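Reproduced below: structure06.cif, with mmCIF, C-alpha atoms and all ligand atoms.
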```cif
data_protein
#
loop_
_atom_site.label_atom_id
_atom_site.label_comp_id
_atom_site.auth_asym_id
_atom_site.auth_seq_id
_atom_site.Cartn_x
_atom_site.Cartn_y
_atom_site.Cartn_z
CA MET A 1 55.28 144.23 81.06
CA THR A 2 58.65 143.80 79.42
CA THR A 3 60.66 146.75 78.23
CA ALA A 4 62.30 146.49 74.85
CA GLN A 5 66.09 146.37 75.23
CA PRO A 6 68.25 148.42 72.90
CA LEU A 7 69.84 146.27 70.24
CA ASP A 8 73.52 145.52 70.58
CA VAL A 9 74.06 146.08 66.89
CA GLN A 10 73.73 149.16 64.76
CA PRO A 11 71.46 149.14 61.73
CA THR A 12 73.52 147.94 58.81
CA PRO A 13 73.26 149.07 55.21
CA LEU A 14 72.70 145.44 54.20
CA ALA A 15 69.10 146.06 53.20
CA LEU A 16 70.26 148.70 50.75
CA LEU A 17 72.82 146.28 49.44
CA LEU A 18 70.28 143.52 48.89
CA LEU A 19 67.83 145.83 47.26
CA GLY A 20 70.50 147.47 45.16
CA ARG A 21 68.81 150.80 45.64
CA ALA A 22 69.66 154.15 47.20
CA ALA A 23 72.90 155.68 48.36
CA ASP A 24 74.59 154.87 51.61
CA PRO A 25 77.19 157.51 52.40
CA LYS A 26 78.74 155.30 55.09
CA SER A 27 79.16 152.37 52.78
CA GLU A 28 82.00 151.60 50.41
CA ARG A 29 79.48 150.74 47.77
CA GLY A 30 77.71 153.36 45.78
CA VAL A 31 74.28 153.90 44.38
CA GLU A 32 72.03 152.07 42.00
CA CYS A 33 73.31 151.80 38.49
CA PRO A 34 72.23 154.97 36.72
CA GLY A 35 72.44 153.51 33.24
CA ASP A 36 69.91 152.10 30.85
CA LEU A 37 70.78 148.43 31.14
CA PRO A 38 70.03 145.86 28.46
CA ALA A 39 67.52 143.23 29.55
CA PRO A 40 69.12 140.04 30.95
CA SER A 41 66.96 138.11 28.47
CA ASP A 42 68.47 139.91 25.47
CA PRO A 43 69.74 137.01 23.32
CA HIS A 44 72.34 139.28 21.73
CA LEU A 45 74.16 140.22 24.92
CA VAL A 46 77.21 138.10 24.16
CA GLU A 47 77.57 139.57 20.66
CA ARG A 48 77.05 143.08 22.03
CA ALA A 49 79.79 142.59 24.63
CA ARG A 50 82.14 141.16 21.99
CA ALA A 51 81.43 143.99 19.57
CA ALA A 52 81.95 146.75 22.17
CA LYS A 53 85.17 145.15 23.40
CA ALA A 54 86.48 144.75 19.84
CA LYS A 55 85.69 148.40 19.11
CA LEU A 56 87.62 149.51 22.20
CA GLY A 57 90.63 147.30 21.36
CA ASP A 58 93.70 147.95 23.53
CA LYS A 59 92.03 150.95 25.12
CA VAL A 60 90.13 148.64 27.46
CA PHE A 61 91.41 145.97 29.83
CA VAL A 62 88.81 143.81 31.56
CA LEU A 63 89.72 142.32 34.92
CA GLY A 64 87.75 139.34 36.26
CA HIS A 65 87.93 138.36 39.91
CA HIS A 66 87.92 134.61 40.60
CA TYR A 67 84.45 134.81 42.17
CA GLN A 68 82.73 136.34 39.14
CA ARG A 69 80.03 134.57 37.14
CA ASP A 70 81.05 132.53 34.07
CA GLU A 71 79.16 134.89 31.75
CA VAL A 72 81.43 137.73 32.92
CA ILE A 73 84.68 135.76 33.22
CA GLU A 74 84.30 134.92 29.53
CA PHE A 75 85.13 138.55 28.72
CA ALA A 76 87.98 138.98 31.19
CA ASP A 77 91.43 139.63 29.71
CA VAL A 78 92.89 138.35 32.96
CA THR A 79 91.54 136.60 36.07
CA GLY A 80 92.92 136.50 39.57
CA ASP A 81 92.57 137.78 43.10
CA SER A 82 92.15 141.47 43.82
CA PHE A 83 95.81 142.37 44.30
CA LYS A 84 97.02 140.46 41.27
CA LEU A 85 94.35 142.13 39.14
CA ALA A 86 95.28 145.62 40.35
CA ARG A 87 98.92 144.96 39.46
CA ASP A 88 97.97 143.51 36.09
CA ALA A 89 96.08 146.74 35.35
CA ALA A 90 99.13 148.82 36.34
CA ASP A 91 101.24 146.72 33.95
CA ARG A 92 98.95 147.75 31.06
CA PRO A 93 99.53 151.51 30.84
CA GLU A 94 98.20 151.57 27.27
CA ALA A 95 94.77 150.59 28.58
CA GLU A 96 92.93 153.83 29.17
CA TYR A 97 89.91 152.10 30.66
CA ILE A 98 90.13 149.39 33.29
CA VAL A 99 86.81 147.60 33.66
CA PHE A 100 86.94 145.88 37.03
CA CYS A 101 84.58 142.94 37.31
CA GLY A 102 84.83 142.56 41.06
CA VAL A 103 83.72 144.70 44.00
CA HIS A 104 84.18 148.31 45.02
CA PHE A 105 87.32 148.05 47.20
CA MET A 106 89.08 146.17 44.39
CA ALA A 107 88.33 148.92 41.91
CA GLU A 108 89.67 151.45 44.45
CA SER A 109 92.91 149.47 44.78
CA ALA A 110 93.24 149.37 41.00
CA ASP A 111 92.76 153.15 40.86
CA ILE A 112 95.44 153.62 43.52
CA LEU A 113 97.96 151.41 41.73
CA THR A 114 97.33 152.53 38.14
CA SER A 115 98.52 155.73 36.49
CA GLY A 116 96.52 158.98 36.51
CA ARG A 117 95.55 158.58 32.86
CA GLN A 118 93.89 155.23 33.44
CA GLN A 119 90.24 155.31 34.47
CA VAL A 120 88.76 152.48 36.51
CA VAL A 121 85.15 151.48 35.92
CA LEU A 122 82.99 149.25 38.14
CA PRO A 123 80.07 147.99 36.00
CA ASP A 124 77.63 148.14 38.95
CA LEU A 125 78.25 150.62 41.75
CA ALA A 126 76.19 148.50 44.12
CA ALA A 127 78.86 145.77 43.98
CA GLY A 128 80.40 146.32 47.39
CA CYS A 129 81.83 143.97 49.98
CA SER A 130 80.03 143.32 53.25
CA MET A 131 83.35 142.64 54.98
CA ALA A 132 84.90 145.92 53.86
CA ASP A 133 81.77 147.71 55.04
CA MET A 134 82.24 146.36 58.55
CA ALA A 135 85.06 148.86 59.20
CA SER A 136 84.32 152.51 58.47
CA ALA A 137 86.92 155.28 58.70
CA GLU A 138 85.10 156.84 61.69
CA GLN A 139 84.92 153.57 63.59
CA VAL A 140 88.60 152.83 63.03
CA ALA A 141 89.62 156.35 64.09
CA GLU A 142 87.57 155.86 67.27
CA CYS A 143 89.29 152.52 67.89
CA TRP A 144 92.69 154.19 67.59
CA ASP A 145 91.57 156.72 70.23
CA VAL A 146 90.63 153.81 72.51
CA LEU A 147 94.08 152.24 71.99
CA THR A 148 95.69 155.63 72.69
CA GLU A 149 93.67 155.97 75.92
CA ALA A 150 94.81 152.48 76.95
CA GLY A 151 98.42 153.57 76.35
CA ILE A 152 99.11 151.03 73.62
CA ALA A 153 98.72 152.92 70.33
CA ASP A 154 102.47 153.54 70.08
CA VAL A 155 103.23 149.80 70.33
CA THR A 156 100.48 148.76 67.92
CA VAL A 157 100.94 148.33 64.18
CA PRO A 158 97.83 148.17 61.99
CA VAL A 159 97.72 145.32 59.49
CA SER A 160 94.80 145.61 57.09
CA TYR A 161 93.53 142.97 54.76
CA MET A 162 93.33 143.91 51.10
CA ASN A 163 89.56 143.53 51.48
CA SER A 164 89.10 146.96 53.02
CA SER A 165 88.12 150.38 51.76
CA ALA A 166 90.70 152.90 50.54
CA ASP A 167 90.03 154.91 53.73
CA ILE A 168 91.11 151.99 55.91
CA LYS A 169 94.18 151.39 53.76
CA ALA A 170 95.04 155.09 54.17
CA PHE A 171 94.60 154.83 57.95
CA THR A 172 97.00 151.89 57.87
CA GLY A 173 99.58 153.86 55.90
CA ARG A 174 99.27 156.89 58.20
CA HIS A 175 100.00 154.74 61.22
CA GLY A 176 103.01 152.90 59.82
CA GLY A 177 101.21 149.66 59.04
CA THR A 178 100.90 147.35 56.09
CA ILE A 179 98.28 145.80 53.86
CA CYS A 180 98.22 142.03 53.51
CA THR A 181 96.54 139.44 51.32
CA SER A 182 95.51 135.95 52.37
CA SER A 183 98.77 134.75 50.76
CA ASN A 184 101.13 136.97 52.74
CA ALA A 185 99.25 137.53 56.03
CA GLU A 186 101.85 135.50 57.94
CA ARG A 187 104.73 137.61 56.62
CA ALA A 188 102.78 140.78 57.35
CA LEU A 189 102.16 139.79 60.97
CA ARG A 190 105.80 138.73 61.50
CA TRP A 191 106.96 142.06 60.05
CA ALA A 192 104.52 143.99 62.27
CA PHE A 193 105.69 142.22 65.42
CA ALA A 194 109.31 142.95 64.48
CA GLN A 195 108.62 146.71 64.50
CA GLY A 196 109.13 147.06 68.25
CA ASP A 197 109.89 145.34 71.51
CA GLY A 198 108.75 141.73 71.08
CA ALA A 199 106.88 141.42 74.36
CA GLN A 200 105.03 144.71 74.10
CA GLN A 201 104.36 144.83 70.40
CA LYS A 202 100.77 144.43 69.21
CA VAL A 203 98.87 144.23 65.96
CA LEU A 204 95.49 145.72 65.15
CA PHE A 205 94.16 143.43 62.42
CA LEU A 206 91.43 144.87 60.15
CA PRO A 207 88.74 144.05 59.10
CA ASP A 208 88.59 140.22 58.95
CA GLN A 209 88.81 138.70 62.41
CA HIS A 210 89.05 135.17 61.00
CA LEU A 211 92.07 135.73 58.76
CA GLY A 212 93.78 137.60 61.62
CA ARG A 213 93.02 134.89 64.17
CA ASN A 214 93.90 131.99 61.87
CA THR A 215 97.22 133.59 60.94
CA ALA A 216 98.15 134.43 64.55
CA VAL A 217 97.24 130.99 65.87
CA ARG A 218 98.13 128.65 63.00
CA ASP A 219 101.15 130.41 61.53
CA LEU A 220 102.62 132.35 64.45
CA GLY A 221 101.81 129.77 67.13
CA MET A 222 99.88 132.13 69.37
CA SER A 223 96.98 131.02 71.55
CA LEU A 224 93.37 132.03 71.05
CA GLY A 225 93.74 133.89 74.33
CA ASP A 226 96.41 136.14 72.79
CA CYS A 227 93.69 137.59 70.55
CA VAL A 228 90.84 139.89 71.56
CA VAL A 229 87.97 141.05 69.37
CA TYR A 230 87.26 144.78 69.12
CA ASN A 231 83.54 145.34 68.52
CA PRO A 232 83.04 148.78 66.96
CA HIS A 233 79.40 148.79 68.05
CA LYS A 234 80.25 148.69 71.75
CA PRO A 235 81.81 151.39 73.93
CA ASN A 236 85.59 150.96 73.94
CA GLY A 237 85.16 148.04 71.57
CA GLY A 238 83.63 146.02 74.41
CA LEU A 239 87.09 145.64 75.96
CA THR A 240 88.73 146.94 79.11
CA ALA A 241 92.07 148.75 78.98
CA ALA A 242 93.62 145.75 80.77
CA GLN A 243 92.29 143.32 78.14
CA LEU A 244 93.72 145.51 75.39
CA ARG A 245 97.08 145.76 77.16
CA ASP A 246 97.25 141.97 77.67
CA ALA A 247 96.40 141.12 74.06
CA ARG A 248 98.96 140.49 71.32
CA VAL A 249 96.51 140.76 68.45
CA ILE A 250 93.47 143.04 68.45
CA LEU A 251 91.06 141.65 65.87
CA TRP A 252 88.46 143.88 64.28
CA ARG A 253 84.98 142.33 64.49
CA GLY A 254 84.47 141.83 60.76
CA HIS A 255 84.03 138.75 58.64
CA CYS A 256 83.22 137.55 55.14
CA SER A 257 79.55 136.66 54.84
CA VAL A 258 80.41 133.94 52.32
CA HIS A 259 83.29 132.16 54.07
CA GLY A 260 81.75 132.72 57.51
CA ARG A 261 78.90 130.38 56.58
CA PHE A 262 81.00 127.21 56.57
CA SER A 263 80.71 125.30 59.83
CA LEU A 264 82.03 122.20 61.56
CA ASP A 265 78.82 120.49 60.43
CA SER A 266 79.72 121.26 56.79
CA VAL A 267 83.07 119.53 57.28
CA ALA A 268 81.57 116.50 59.08
CA GLU A 269 78.78 116.18 56.51
CA VAL A 270 81.11 116.26 53.48
CA ARG A 271 83.47 113.70 55.02
CA GLU A 272 80.49 111.37 55.37
CA ARG A 273 79.08 112.19 51.92
CA VAL A 274 82.40 111.83 50.06
CA PRO A 275 84.59 109.18 51.72
CA GLY A 276 88.32 109.93 51.43
CA VAL A 277 87.72 113.60 50.61
CA ASN A 278 90.39 116.25 51.30
CA VAL A 279 88.90 119.38 52.84
CA LEU A 280 90.55 122.56 51.55
CA VAL A 281 89.34 125.93 52.88
CA HIS A 282 90.13 129.61 52.63
CA PRO A 283 91.57 131.31 55.77
CA GLU A 284 88.58 133.69 55.87
CA CYS A 285 86.68 130.70 57.32
CA ARG A 286 86.11 130.46 61.06
CA ASN A 287 88.95 129.09 63.17
CA GLU A 288 87.18 125.83 64.08
CA VAL A 289 86.54 125.13 60.37
CA VAL A 290 90.16 125.86 59.49
CA GLU A 291 91.32 123.56 62.30
CA ALA A 292 89.05 120.76 61.06
CA ALA A 293 90.20 121.12 57.43
CA ASP A 294 93.10 119.22 55.85
CA TYR A 295 94.48 122.18 53.92
CA VAL A 296 94.12 125.94 54.29
CA GLY A 297 95.14 128.68 51.90
CA SER A 298 94.35 131.59 49.63
CA THR A 299 92.45 131.32 46.37
CA GLU A 300 95.72 131.01 44.44
CA TYR A 301 96.83 128.25 46.85
CA ILE A 302 93.55 126.42 46.32
CA ILE A 303 94.05 126.51 42.54
CA ARG A 304 97.70 125.42 42.80
CA THR A 305 96.80 122.55 45.14
CA LEU A 306 94.13 121.24 42.80
CA ASP A 307 96.50 121.59 39.85
CA ALA A 308 99.08 119.42 41.62
CA ALA A 309 96.56 116.91 43.01
CA PRO A 310 96.80 113.34 41.68
CA ALA A 311 94.10 111.85 39.46
CA GLY A 312 91.49 110.02 41.49
CA SER A 313 91.69 112.44 44.43
CA LYS A 314 88.60 114.04 45.95
CA TRP A 315 88.34 117.60 47.21
CA ALA A 316 85.76 119.61 49.14
CA ILE A 317 86.45 123.31 48.74
CA GLY A 318 85.39 125.99 51.22
CA THR A 319 85.29 129.17 49.18
CA GLU A 320 82.95 131.06 46.84
CA LEU A 321 80.70 128.88 44.71
CA ASN A 322 81.35 130.41 41.27
CA LEU A 323 85.03 129.55 41.62
CA VAL A 324 84.37 126.07 43.01
CA ARG A 325 82.04 125.26 40.11
CA ARG A 326 84.61 126.40 37.56
CA LEU A 327 87.31 124.33 39.27
CA ALA A 328 85.00 121.29 39.36
CA ASN A 329 84.49 121.59 35.59
CA ARG A 330 88.15 122.25 34.90
CA TYR A 331 89.37 119.14 36.74
CA ALA A 332 86.51 116.77 35.88
CA ASP A 333 88.31 115.37 32.84
CA GLN A 334 91.49 114.85 34.89
CA ASP A 335 89.53 112.51 37.17
CA LYS A 336 89.74 114.87 40.16
CA GLU A 337 86.46 115.19 42.01
CA VAL A 338 85.83 118.71 43.29
CA VAL A 339 82.75 119.44 45.41
CA PHE A 340 81.51 122.45 47.32
CA LEU A 341 82.03 122.20 51.08
CA ASP A 342 78.46 123.10 51.97
CA ARG A 343 75.16 121.72 50.78
CA THR A 344 73.59 125.17 50.60
CA VAL A 345 74.34 127.59 47.78
CA CYS A 346 76.91 130.16 48.79
CA PHE A 347 77.61 132.84 46.17
CA CYS A 348 79.01 136.24 47.04
CA SER A 349 75.84 138.21 46.37
CA THR A 350 77.68 141.49 45.79
CA MET A 351 80.16 139.95 43.34
CA ASN A 352 77.16 138.56 41.50
CA ARG A 353 75.83 142.05 40.93
CA ILE A 354 78.24 142.30 38.03
CA ASP A 355 76.39 140.45 35.33
CA LEU A 356 76.40 140.50 31.55
CA PRO A 357 73.85 143.36 31.18
CA HIS A 358 75.99 145.62 33.42
CA LEU A 359 79.16 144.64 31.59
CA VAL A 360 77.56 145.29 28.19
CA TRP A 361 76.28 148.66 29.38
CA ALA A 362 79.72 149.68 30.70
CA LEU A 363 81.56 148.53 27.55
CA GLU A 364 79.09 150.08 25.13
CA SER A 365 79.17 153.37 27.05
CA LEU A 366 82.98 153.41 26.89
CA ALA A 367 82.89 152.55 23.19
CA GLU A 368 80.67 155.60 22.71
CA GLY A 369 83.15 157.74 24.64
CA THR A 370 81.22 157.99 27.92
CA VAL A 371 82.99 156.87 31.07
CA VAL A 372 80.40 155.44 33.46
CA ASN A 373 80.70 154.37 37.11
CA ARG A 374 84.24 155.63 37.43
CA ILE A 375 85.93 154.79 40.75
CA GLU A 376 88.34 157.49 41.79
CA VAL A 377 90.17 157.70 45.10
CA ASP A 378 91.02 161.22 46.28
CA LYS A 379 94.71 162.18 46.23
CA GLU A 380 95.20 162.41 50.00
CA THR A 381 93.65 158.99 50.63
CA GLU A 382 95.57 157.56 47.70
CA LYS A 383 98.90 158.85 49.05
CA PHE A 384 98.60 157.06 52.39
CA ALA A 385 96.88 153.96 51.03
CA LYS A 386 99.76 153.62 48.59
CA LEU A 387 102.25 153.80 51.48
CA ALA A 388 100.57 150.80 53.11
CA LEU A 389 100.41 148.90 49.81
CA GLU A 390 104.08 149.64 49.13
CA GLN A 391 104.93 148.37 52.60
CA MET A 392 103.23 145.12 51.66
CA LEU A 393 105.37 144.86 48.53
CA ALA A 394 108.46 145.42 50.69
CA LEU A 395 107.58 142.71 53.23
CA PRO A 396 110.59 140.50 53.90
S1 LIG B 401 83.55 136.93 49.10
FE1 LIG B 401 83.45 137.93 51.11
S2 LIG B 401 85.29 139.22 51.24
FE2 LIG B 401 85.00 138.66 49.05
S3 LIG B 401 83.81 140.35 48.20
FE3 LIG B 401 82.32 138.80 48.84
S4 LIG B 401 81.76 139.42 50.96
FE4 LIG B 401 83.65 140.52 50.41
#
```
Could you take the file, read its structure, and then write that structure out as structure tokens?
Ligand code: SF4
Amino acid sequence: MTTAQPLDVQPTPLALLLLGRAADPKSERGVECPGDLPAPSDPHLVERARAAKAKLGDKVFVLGHHYQRDEVIEFADVTGDSFKLARDAADRPEAEYIVFCGVHFMAESADILTSGRQQVVLPDLAAGCSMADMASAEQVAECWDVLTEAGIADVTVPVSYMNSSADIKAFTGRHGGTICTSSNAERALRWAFAQGDGAQQKVLFLPDQHLGRNTAVRDLGMSLGDCVVYNPHKPNGGLTAAQLRDARVILWRGHCSVHGRFSLDSVAEVRERVPGVNVLVHPECRNEVVEAADYVGSTEYIIRTLDAAPAGSKWAIGTELNLVRRLANRYADQDKEVVFLDRTVCFCSTMNRIDLPHLVWALESLAEGTVVNRIEVDKETEKFAKLALEQMLALP
């Protein structure tokens, strides 16, 4: 008779996420949308969104993340990545309501960076980020204890990706670290290593192991062996004190469920399917995919590269499908062929939770004077998270 072995992984809140039901106190995402949503089949949704937005006028500012659906992007006053959007909101102090069409951690960042009189609304509280959920405040505090035990906490600087909860950003600020985006991760790592004795200095990179590894190896010239992966579901992260002491970069075991799907097979298959294609991927992809690609960079880099590409060129893009489709349409009449890197559909399911019915509901509620789904970061968390964000702005 075989005895069932305990699973190596903890139960995740993913089922709740997929169902869009119930509260998960350990998750950065919230609860099911409490509102009375219009039916998706309502043929008047577009007019209703327009009317509510017109009624609100300058009081509302709608932010649309690059990965949002077209039906939502149509109502965005500005589009961009999460950090750009948060700053755009801060630059609009007259906008009392910031409607963030993105995911939960982005709305938190907007709340941190905007003034106290601006209220940030997330049209669906179930729009979280699976990557951000892979690092909870308790797990990261436990990790810091492990580093302290190993005698390396005082030579370790936390560097946290923008795609993390406000709690993790606050942890980063408390411990003298910085936030980074996929555009400035190299500068953030160089800054962190310059904070102490070169040979001893270490970085704890949270929560995306792939961005951390790709930046350390591709941009800073480290070896894969300089990086170790801390698994929060294993005692001591699954690492010995000696392994921690020998490492230069301690990568948190988190990843993006969208970008993590691209594989070497995707790259090989698209090169065969589209002869002469340039493969351009986001650094949240796995290291072997990044190594096999022709170009690697943030969402803004991807857009800039396609903008500058000559007519007749062909591009396979490894990032979220909503964005790739929009780019394919945008460049079609410039004779630039843009295809998705993988054959299978690859949307960010949580981003897609924000749809037109949720947006209409949020805008109409605001127009009636009711603030729904407000995202508010507590003052203590905000203070330290802001420190880490300000450190990012001060990166050399
Ligand atoms: S694309 Fe990835 S990192 Fe971005 S919100 Fe979705 S799961 Fe999170």
Compare A:His210, A:Lys59, A:His104, A:His44 by their minimum atom-to-atom distance to Ile250 (chain A), counting only C-alpha atoms, and give me the closest one.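 The shortest atom-to-atom distance to Ile250 (chain A) comes from A:His210.
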Near region 93-100 of chain A, counting all atoms listed in the file, which residues have an atom at most 10 Å away, once you skip same-chain residues fewer than 5 positions from it, shown as a PyMOL selection string? chain A and resi 56-65+76+82+85-86+88+106-108+110-111+114-124+354+359+362-363+366+371+373-375
CA of Val103 (chain A) to CA of Cys256 (chain A) measures 13.2 Å
Distance filter 9 Å around ligand LIG 401 (chain B), atoms: only C-alpha atoms and all ligand atoms, out as a tab-separated table (two decimals) with C-alpha atoms, in the frame of the given file:
```tsv
chain	number	residue	atom	x	y	z
A	67	TYR	CA	84.45	134.81	42.17
A	102	GLY	CA	84.83	142.56	41.06
A	103	VAL	CA	83.72	144.70	44.00
A	104	HIS	CA	84.18	148.31	45.02
A	105	PHE	CA	87.32	148.05	47.20
A	106	MET	CA	89.08	146.17	44.39
A	127	ALA	CA	78.86	145.77	43.98
A	128	GLY	CA	80.40	146.32	47.39
A	129	CYS	CA	81.83	143.97	49.98
A	130	SER	CA	80.03	143.32	53.25
A	131	MET	CA	83.35	142.64	54.98
A	132	ALA	CA	84.90	145.92	53.86
A	133	ASP	CA	81.77	147.71	55.04
A	163	ASN	CA	89.56	143.53	51.48
A	164	SER	CA	89.10	146.96	53.02
A	208	ASP	CA	88.59	140.22	58.95
A	255	HIS	CA	84.03	138.75	58.64
A	256	CYS	CA	83.22	137.55	55.14
A	257	SER	CA	79.55	136.66	54.84
A	258	VAL	CA	80.41	133.94	52.32
A	259	HIS	CA	83.29	132.16	54.07
A	260	GLY	CA	81.75	132.72	57.51
A	284	GLU	CA	88.58	133.69	55.87
A	319	THR	CA	85.29	129.17	49.18
A	320	GLU	CA	82.95	131.06	46.84
A	347	PHE	CA	77.61	132.84	46.17
A	348	CYS	CA	79.01	136.24	47.04
A	349	SER	CA	75.84	138.21	46.37
A	350	THR	CA	77.68	141.49	45.79
A	351	MET	CA	80.16	139.95	43.34
A	352	ASN	CA	77.16	138.56	41.50
```
In terms of all atoms listed in the file, the residue from A:Thr381, A:Ser313, A:Ser263, A:Asn329 at minimal distance from Thr344 (chain A) is A:Ser263
One decimal, Å: what's the distance from CA of Pro310 (chain A) over to CA of Val270 (chain A), could you say? 19.8 Å
Residue among A:Ala309, A:Val290, A:Leu113, A:Val339 lying closest to Ala90 (chain A), counting only C-alpha atoms: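 Ranking A:Ala309, A:Val290, A:Leu113, A:Val339 by distance to Ala90 (chain A), first place goes to A:Leu113.
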What gap, in Å, lies between CA of Val277 (chain A) and CA of Asn214 (chain A)?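 Distance between the two atoms: 22.4 Å.
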Adding 6 Å on each side of the box along x, y and z that holds all listed atoms of region 203-208 of chain A, could you give its centre and edge lengths in Å to one decimal, as lines of an AutoDock Vina configuration file?
```
center_x = 93.7
center_y = 143.0
center_z = 62.5
size_x = 22.3
size_y = 17.5
size_z = 19.0
```
For Ser298 (chain A), work out the shell of residues within 8 Å, counting all atoms listed in the file and skipping chain neighbours fewer than 6 positions away, then give it as a VMD selection string. chain A and resid 182 to 183 282 to 283
What residues have an atom no more than 6 Å from (99.0, 147.4, 67.7) in the file's own frame, counting only C-alpha atoms, and can you write them as a ChimeraX atom specification? /A:155-158,202-204
Kindly provide, as an MDAnalysis selection string, the polymer residues lying within 7 Å of (89.1, 140.1, 59.8), counting all atoms listed in the file and using the coordinates exactly as they appear in the file. chainID A and resid 205:212 251:255
Of the listed residues A:Phe83, A:Phe340, A:Trp315, A:Phe75, that which approaches Arg50 (chain A) most closely, counting only C-alpha atoms: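 So, comparing all the options, the nearest one is A:Phe75.
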Selected residue, from A:Gln243, A:Asn184, A:Asn231, A:Thr79, that lies nearest to Thr215 (chain A) when counting all atoms listed in the file: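 For Thr215 (chain A), the nearest of the given residues is A:Asn184.
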Set the distance at 9 Å and use all atoms listed in the file: which residues neighbour Glu186 (chain A) once local chain neighbours fewer than 3 positions away are removed? I'd like the list as a VMD selection string. chain A and resid 180 182 to 183 189 to 191 215 to 216 219 to 220
Those selected residues, please, written with C-alpha atoms and delivered as a PDB file, in the coordinates of the input.
```pdb
ATOM      1  CA  CYS A 180      98.220 142.030  53.510  1.00  0.00           C
ATOM      2  CA  SER A 182      95.510 135.950  52.370  1.00  0.00           C
ATOM      3  CA  SER A 183      98.770 134.750  50.760  1.00  0.00           C
ATOM      4  CA  LEU A 189     102.160 139.790  60.970  1.00  0.00           C
ATOM      5  CA  ARG A 190     105.800 138.730  61.500  1.00  0.00           C
ATOM      6  CA  TRP A 191     106.960 142.060  60.050  1.00  0.00           C
ATOM      7  CA  THR A 215      97.220 133.590  60.940  1.00  0.00           C
ATOM      8  CA  ALA A 216      98.150 134.430  64.550  1.00  0.00           C
ATOM      9  CA  ASP A 219     101.150 130.410  61.530  1.00  0.00           C
ATOM     10  CA  LEU A 220     102.620 132.350  64.450  1.00  0.00           C
TER      11      LEU A 220
END
```
Output requested as a PDB file, in the frame of the given file - region 303-316 of chain A, filled out with N, CA and C atoms.
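Written file, part_16.pdb:
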```pdb
ATOM      1  N   ILE A 303      93.909 126.876  43.957  1.00  0.00           N
ATOM      2  CA  ILE A 303      94.050 126.510  42.540  1.00  0.00           C
ATOM      3  C   ILE A 303      95.333 125.693  42.326  1.00  0.00           C
ATOM      4  N   ARG A 304      96.421 126.145  42.946  1.00  0.00           N
ATOM      5  CA  ARG A 304      97.700 125.420  42.800  1.00  0.00           C
ATOM      6  C   ARG A 304      97.587 123.996  43.354  1.00  0.00           C
ATOM      7  N   THR A 305      96.920 123.870  44.498  1.00  0.00           N
ATOM      8  CA  THR A 305      96.800 122.550  45.140  1.00  0.00           C
ATOM      9  C   THR A 305      96.006 121.596  44.252  1.00  0.00           C
ATOM     10  N   LEU A 306      94.932 122.103  43.669  1.00  0.00           N
ATOM     11  CA  LEU A 306      94.130 121.240  42.800  1.00  0.00           C
ATOM     12  C   LEU A 306      94.898 120.890  41.527  1.00  0.00           C
ATOM     13  N   ASP A 307      95.666 121.849  41.034  1.00  0.00           N
ATOM     14  CA  ASP A 307      96.500 121.590  39.850  1.00  0.00           C
ATOM     15  C   ASP A 307      97.448 120.416  40.099  1.00  0.00           C
ATOM     16  N   ALA A 308      98.050 120.422  41.302  1.00  0.00           N
ATOM     17  CA  ALA A 308      99.080 119.420  41.620  1.00  0.00           C
ATOM     18  C   ALA A 308      98.477 118.116  42.142  1.00  0.00           C
ATOM     19  N   ALA A 309      97.176 118.094  42.395  1.00  0.00           N
ATOM     20  CA  ALA A 309      96.560 116.910  43.010  1.00  0.00           C
ATOM     21  C   ALA A 309      96.582 115.718  42.043  1.00  0.00           C
ATOM     22  N   PRO A 310      96.774 114.512  42.575  1.00  0.00           N
ATOM     23  CA  PRO A 310      96.800 113.340  41.680  1.00  0.00           C
ATOM     24  C   PRO A 310      95.408 112.982  41.169  1.00  0.00           C
ATOM     25  N   ALA A 311      95.382 112.334  40.001  1.00  0.00           N
ATOM     26  CA  ALA A 311      94.100 111.850  39.460  1.00  0.00           C
ATOM     27  C   ALA A 311      93.491 110.885  40.472  1.00  0.00           C
ATOM     28  N   GLY A 312      92.188 110.916  40.556  1.00  0.00           N
ATOM     29  CA  GLY A 312      91.490 110.020  41.490  1.00  0.00           C
ATOM     30  C   GLY A 312      91.256 110.648  42.859  1.00  0.00           C
ATOM     31  N   SER A 313      91.882 111.819  43.111  1.00  0.00           N
ATOM     32  CA  SER A 313      91.690 112.440  44.430  1.00  0.00           C
ATOM     33  C   SER A 313      90.368 113.185  44.495  1.00  0.00           C
ATOM     34  N   LYS A 314      89.909 113.395  45.734  1.00  0.00           N
ATOM     35  CA  LYS A 314      88.600 114.040  45.950  1.00  0.00           C
ATOM     36  C   LYS A 314      88.795 115.255  46.842  1.00  0.00           C
ATOM     37  N   TRP A 315      88.127 116.335  46.498  1.00  0.00           N
ATOM     38  CA  TRP A 315      88.340 117.600  47.210  1.00  0.00           C
ATOM     39  C   TRP A 315      87.027 118.298  47.527  1.00  0.00           C
ATOM     40  N   ALA A 316      86.898 118.749  48.767  1.00  0.00           N
ATOM     41  CA  ALA A 316      85.760 119.610  49.140  1.00  0.00           C
ATOM     42  C   ALA A 316      86.343 120.981  49.410  1.00  0.00           C
TER      43      ALA A 316
END
```
